[in-house]
file start-v9.txt (compact mmCIF, C-alpha atoms)
# COMPACT_ATOMS: atom_id res chain seq x y z
CA MET A 559 0.00 0.00 0.00
CA THR A 560 1.33 3.47 -0.84
CA SER A 561 1.18 6.49 1.42
CA PRO A 562 -0.92 9.49 0.39
CA GLU A 563 2.31 11.46 -0.12
CA SER A 564 3.86 8.90 -2.49
CA ALA A 565 0.58 8.47 -4.37
CA LEU A 566 0.66 12.21 -5.08
CA GLY A 567 4.34 12.16 -5.97
CA THR A 568 5.24 14.48 -3.10
CA SER A 569 7.61 14.02 -0.22
CA VAL A 570 7.20 15.09 3.35
CA GLY A 571 9.77 17.69 4.34
CA PRO A 572 11.08 18.24 7.84
CA VAL A 573 9.15 19.84 10.65
CA ILE A 574 10.43 23.25 11.73
CA PHE A 575 10.05 23.89 15.45
CA ALA A 576 10.20 27.59 16.32
CA TYR A 577 11.88 27.37 19.72
CA ASP A 578 12.41 30.42 21.92
CA GLY A 579 13.29 28.67 25.17
CA SER A 580 9.84 29.21 26.68
CA GLU A 581 7.67 26.60 28.37
CA LEU A 582 5.13 27.13 25.60
CA ALA A 583 7.69 26.33 22.89
CA ALA A 584 8.59 23.12 24.76
CA LEU A 585 4.88 22.30 25.04
CA ALA A 586 4.51 22.80 21.27
CA ILE A 587 7.23 20.22 20.63
CA GLY A 588 5.59 17.74 23.00
CA GLN A 589 2.07 18.33 21.64
CA SER A 590 3.18 17.87 18.04
CA ALA A 591 4.75 14.52 18.92
CA THR A 592 1.23 13.26 19.66
CA GLN A 593 0.10 14.35 16.18
CA LEU A 594 3.06 13.41 13.97
CA ALA A 595 4.83 10.17 13.10
CA ALA A 596 7.74 9.14 15.29
CA GLY A 597 11.18 9.39 13.70
CA ARG A 598 10.27 12.35 11.52
CA GLU A 599 13.07 14.77 10.63
CA ALA A 600 12.93 18.05 12.53
CA VAL A 601 14.87 21.30 12.63
CA VAL A 602 14.64 23.30 15.84
CA VAL A 603 15.28 26.95 15.08
CA CYS A 604 15.99 29.72 17.56
CA VAL A 605 15.83 33.15 15.94
CA TRP A 606 18.03 35.80 17.50
CA GLN A 607 19.04 39.40 17.06
CA PRO A 608 21.50 41.58 18.98
CA ALA A 609 20.09 43.89 21.68
CA ASP A 610 16.44 42.73 21.25
CA VAL A 611 17.30 39.09 21.85
CA GLY A 612 13.89 37.54 21.07
CA PHE A 613 14.26 34.31 23.06
CA THR A 614 14.68 33.03 26.62
CA PRO A 615 18.13 31.48 27.17
CA VAL A 616 17.97 27.96 28.58
CA THR A 617 21.20 28.26 30.54
CA GLU A 618 21.84 30.48 33.53
CA ARG A 619 24.95 31.91 31.87
CA HIS A 620 24.71 35.69 31.61
CA PHE A 621 25.60 37.46 28.40
CA ASP A 622 25.76 40.99 27.01
CA ALA A 623 22.79 41.41 24.65
CA ASP A 624 24.69 44.09 22.73
CA LYS A 625 27.46 41.64 21.75
CA ALA A 626 26.34 39.59 18.77
CA GLN A 627 28.73 36.69 19.42
CA GLU A 628 27.37 36.23 22.94
CA VAL A 629 23.76 36.38 21.73
CA ARG A 630 24.54 33.92 18.91
CA LYS A 631 26.14 31.49 21.39
CA ALA A 632 23.12 31.70 23.73
CA ALA A 633 20.78 31.15 20.76
CA GLU A 634 22.79 28.11 19.65
CA GLU A 635 22.56 26.66 23.18
CA THR A 636 18.82 27.36 23.26
CA ALA A 637 18.26 25.71 19.87
CA ALA A 638 20.36 22.70 20.92
CA TYR A 639 18.28 22.31 24.06
CA GLY A 640 15.10 22.48 21.95
CA ALA A 641 16.54 19.81 19.64
CA SER A 642 17.18 17.58 22.67
CA LEU A 643 13.50 18.01 23.64
CA ALA A 644 12.48 17.07 20.10
CA GLU A 645 14.75 13.99 20.21
CA GLN A 646 13.14 12.95 23.52
CA ALA A 647 9.73 13.37 21.86
CA GLY A 648 10.73 10.95 19.08
CA PHE A 649 11.96 13.23 16.29
CA ARG A 650 15.30 13.06 14.44
CA ALA A 651 16.23 16.60 15.32
CA ARG A 652 19.01 19.06 14.70
CA SER A 653 19.35 22.63 15.89
CA LEU A 654 19.84 25.91 14.08
CA ALA A 655 20.31 29.48 15.37
CA VAL A 656 19.29 32.13 12.84
CA GLU A 657 19.87 35.88 13.00
CA SER A 658 16.79 37.68 11.72
CA ALA A 659 14.51 40.59 12.41
CA PRO A 660 11.64 40.36 12.76
CA THR A 661 11.54 36.88 14.25
CA TRP A 662 8.80 35.56 11.96
CA LYS A 663 10.95 36.20 8.88
CA GLY A 664 13.71 33.97 10.26
CA ILE A 665 11.23 31.18 10.91
CA VAL A 666 9.60 31.42 7.47
CA LYS A 667 12.96 31.66 5.65
CA THR A 668 14.30 28.65 7.54
CA ALA A 669 11.21 26.67 6.55
CA GLN A 670 11.73 27.63 2.90
CA ASP A 671 15.48 26.89 2.98
CA GLU A 672 14.92 23.49 4.63
CA GLY A 673 12.02 22.46 2.36
CA ALA A 674 9.79 22.09 5.40
CA SER A 675 6.27 20.79 5.07
CA LEU A 676 5.20 21.98 8.54
CA ILE A 677 6.10 24.73 11.00
CA VAL A 678 5.20 24.22 14.67
CA ILE A 679 5.00 27.32 16.83
CA GLY A 680 3.66 28.15 20.26
CA SER A 681 1.39 31.15 20.48
CA HIS A 682 1.82 33.71 23.23
CA ARG A 683 -1.54 35.45 23.04
CA HIS A 684 -1.56 39.23 22.99
CA GLY A 685 -4.17 42.01 22.80
CA GLY A 686 -6.60 42.68 19.99
CA LEU A 687 -8.74 40.22 18.05
CA VAL A 688 -5.92 38.58 16.07
CA GLY A 689 -3.61 38.72 19.09
CA HIS A 690 -6.29 37.01 21.15
CA LEU A 691 -6.53 34.15 18.67
CA VAL A 692 -2.84 33.84 17.77
CA GLY A 693 0.27 35.63 19.09
CA ASN A 694 2.05 38.28 17.02
CA VAL A 695 4.93 36.11 15.78
CA ALA A 696 2.66 33.12 15.22
CA SER A 697 0.13 35.17 13.26
CA ALA A 698 2.88 36.57 11.01
CA VAL A 699 4.25 33.06 10.42
CA VAL A 700 0.76 31.82 9.52
CA ALA A 701 0.25 34.77 7.16
CA HIS A 702 3.59 34.42 5.34
CA ALA A 703 4.54 30.73 5.39
CA ALA A 704 4.22 28.65 2.25
CA SER A 705 4.00 25.47 4.34
CA SER A 706 1.35 24.42 6.82
CA VAL A 707 1.59 25.83 10.35
CA LEU A 708 0.57 24.09 13.57
CA VAL A 709 -0.10 26.67 16.28
CA VAL A 710 -0.08 25.43 19.87
CA HIS A 711 -1.81 27.74 22.33
CA GLN A 712 -1.05 28.37 25.97
CA PRO A 713 -3.10 26.15 28.24
CA SER A 714 -5.94 28.08 29.88
call {"tool": "encode", "arguments": {"input": "start-v9.txt", "output": "structure tokens"}}
result
Amino acid sequence: MTSPESALGTSVGPVIFAYDGSELAALAIGQSATQLAAGREAVVVCVWQPADVGFTPVTERHFDADKAQEVRKAAEETAAYGASLAEQAGFRARSLAVESAPTWKGIVKTAQDEGASLIVIGSHRHGGLVGHLVGNVASAVVAHAASSVLVVHQPS
């Protein structure tokens, strides 16, 4: 029996996990593992930028947010930690730290560059109608991504 993907002549690309070091981003990885096949390829991306870091470091090491090398190193550590969570959840994961502003552009570009078929992102809800439904970064990813997007919301 052939899979729906092979019957259509398409292949399933990797999953992109947008990982910012938050509990919600970790929850998104865990929740997606219940929805996706075990052993699937995944890329865990932490998007960073000097000064306005854009993620929560997973180590207690302090760094100067104005020094790009220190921010890059912290982002690499954060992405690697996210990849370890994805591995524990059953994915074949690797990590990637990407410098980009705004954050959503880094996520969408990574998905394009990697040939991803799905982006998984946690949604930090914010004000306004759209912000109530989906967080700012998540809503921009949904609006601009060529691939499908799975948005995991904060538990109520």
call {"tool": "axis_aligned_box", "arguments": {"input": "start-v9.txt", "around": "range 658-664 of chain A", "padding_each_side": "6 Å", "output": "lines of an AutoDock Vina configuration file"}}
result
center_x = 12.8
center_y = 37.3
center_z = 11.6
size_x = 20.0
size_y = 18.6
size_z = 17.4
call {"tool": "closest_residue", "arguments": {"input": "start-v9.txt", "among": "A:Val570, A:Ser653, A:Gln670, A:Val616", "to": "Val602 in chain A", "atoms": "all atoms listed in the file"}}
result
A:Ser653
call {"tool": "closest_residue", "arguments": {"input": "start-v9.txt", "among": "A:Leu585, A:Ile574, A:Thr614, A:Arg652", "to": "Ala703 in chain A", "atoms": "all atoms listed in the file"}}
result
A:Ile574
call {"tool": "closest_residue", "arguments": {"input": "start-v9.txt", "among": "A:Ile677, A:Ala698, A:Val601, A:Ala626", "to": "Gly640 in chain A", "atoms": "all atoms listed in the file"}}
result
A:Val601
call {"tool": "closest_residue", "arguments": {"input": "start-v9.txt", "among": "A:Ser706, A:Ala632, A:Ser681, A:Ala696", "to": "Ala583 in chain A", "atoms": "all atoms listed in the file"}}
result
A:Ser681
call {"tool": "build_atoms", "arguments": {"input": "start-v9.txt", "residues": "range 651-662 of chain A", "atoms": "N, CA and C atoms", "output": "mmCIF file, in the coordinates of the input"}}
result
data_model
loop_
_atom_site.group_PDB
_atom_site.id
_atom_site.type_symbol
_atom_site.label_atom_id
_atom_site.label_comp_id
_atom_site.auth_asym_id
_atom_site.auth_seq_id
_atom_site.Cartn_x
_atom_site.Cartn_y
_atom_site.Cartn_z
ATOM 1 N N ALA A 651 16.146 15.148 15.303
ATOM 2 C CA ALA A 651 16.230 16.600 15.320
ATOM 3 C C ALA A 651 17.661 17.121 15.258
ATOM 4 N N ARG A 652 17.768 18.292 14.661
ATOM 5 C CA ARG A 652 19.010 19.060 14.700
ATOM 6 C C ARG A 652 18.638 20.502 15.004
ATOM 7 N N SER A 653 19.626 21.258 15.465
ATOM 8 C CA SER A 653 19.350 22.630 15.890
ATOM 9 C C SER A 653 19.955 23.640 14.929
ATOM 10 N N LEU A 654 19.390 24.837 14.949
ATOM 11 C CA LEU A 654 19.840 25.910 14.080
ATOM 12 C C LEU A 654 19.521 27.238 14.758
ATOM 13 N N ALA A 655 20.519 28.112 14.870
ATOM 14 C CA ALA A 655 20.310 29.480 15.370
ATOM 15 C C ALA A 655 20.394 30.410 14.167
ATOM 16 N N VAL A 656 19.393 31.271 14.011
ATOM 17 C CA VAL A 656 19.290 32.130 12.840
ATOM 18 C C VAL A 656 19.159 33.584 13.288
ATOM 19 N N GLU A 657 19.995 34.445 12.731
ATOM 20 C CA GLU A 657 19.870 35.880 13.000
ATOM 21 C C GLU A 657 18.858 36.459 12.026
ATOM 22 N N SER A 658 17.822 37.099 12.573
ATOM 23 C CA SER A 658 16.790 37.680 11.720
ATOM 24 C C SER A 658 15.939 38.647 12.515
ATOM 25 N N ALA A 659 15.489 39.678 11.831
ATOM 26 C CA ALA A 659 14.510 40.590 12.410
ATOM 27 C C ALA A 659 13.541 40.965 11.297
ATOM 28 N N PRO A 660 12.272 40.892 11.549
ATOM 29 C CA PRO A 660 11.640 40.360 12.760
ATOM 30 C C PRO A 660 11.739 38.839 12.829
ATOM 31 N N THR A 661 11.404 38.311 13.969
ATOM 32 C CA THR A 661 11.540 36.880 14.250
ATOM 33 C C THR A 661 10.804 36.018 13.232
ATOM 34 N N TRP A 662 9.597 36.401 12.869
ATOM 35 C CA TRP A 662 8.800 35.560 11.960
ATOM 36 C C TRP A 662 9.510 35.350 10.629
#
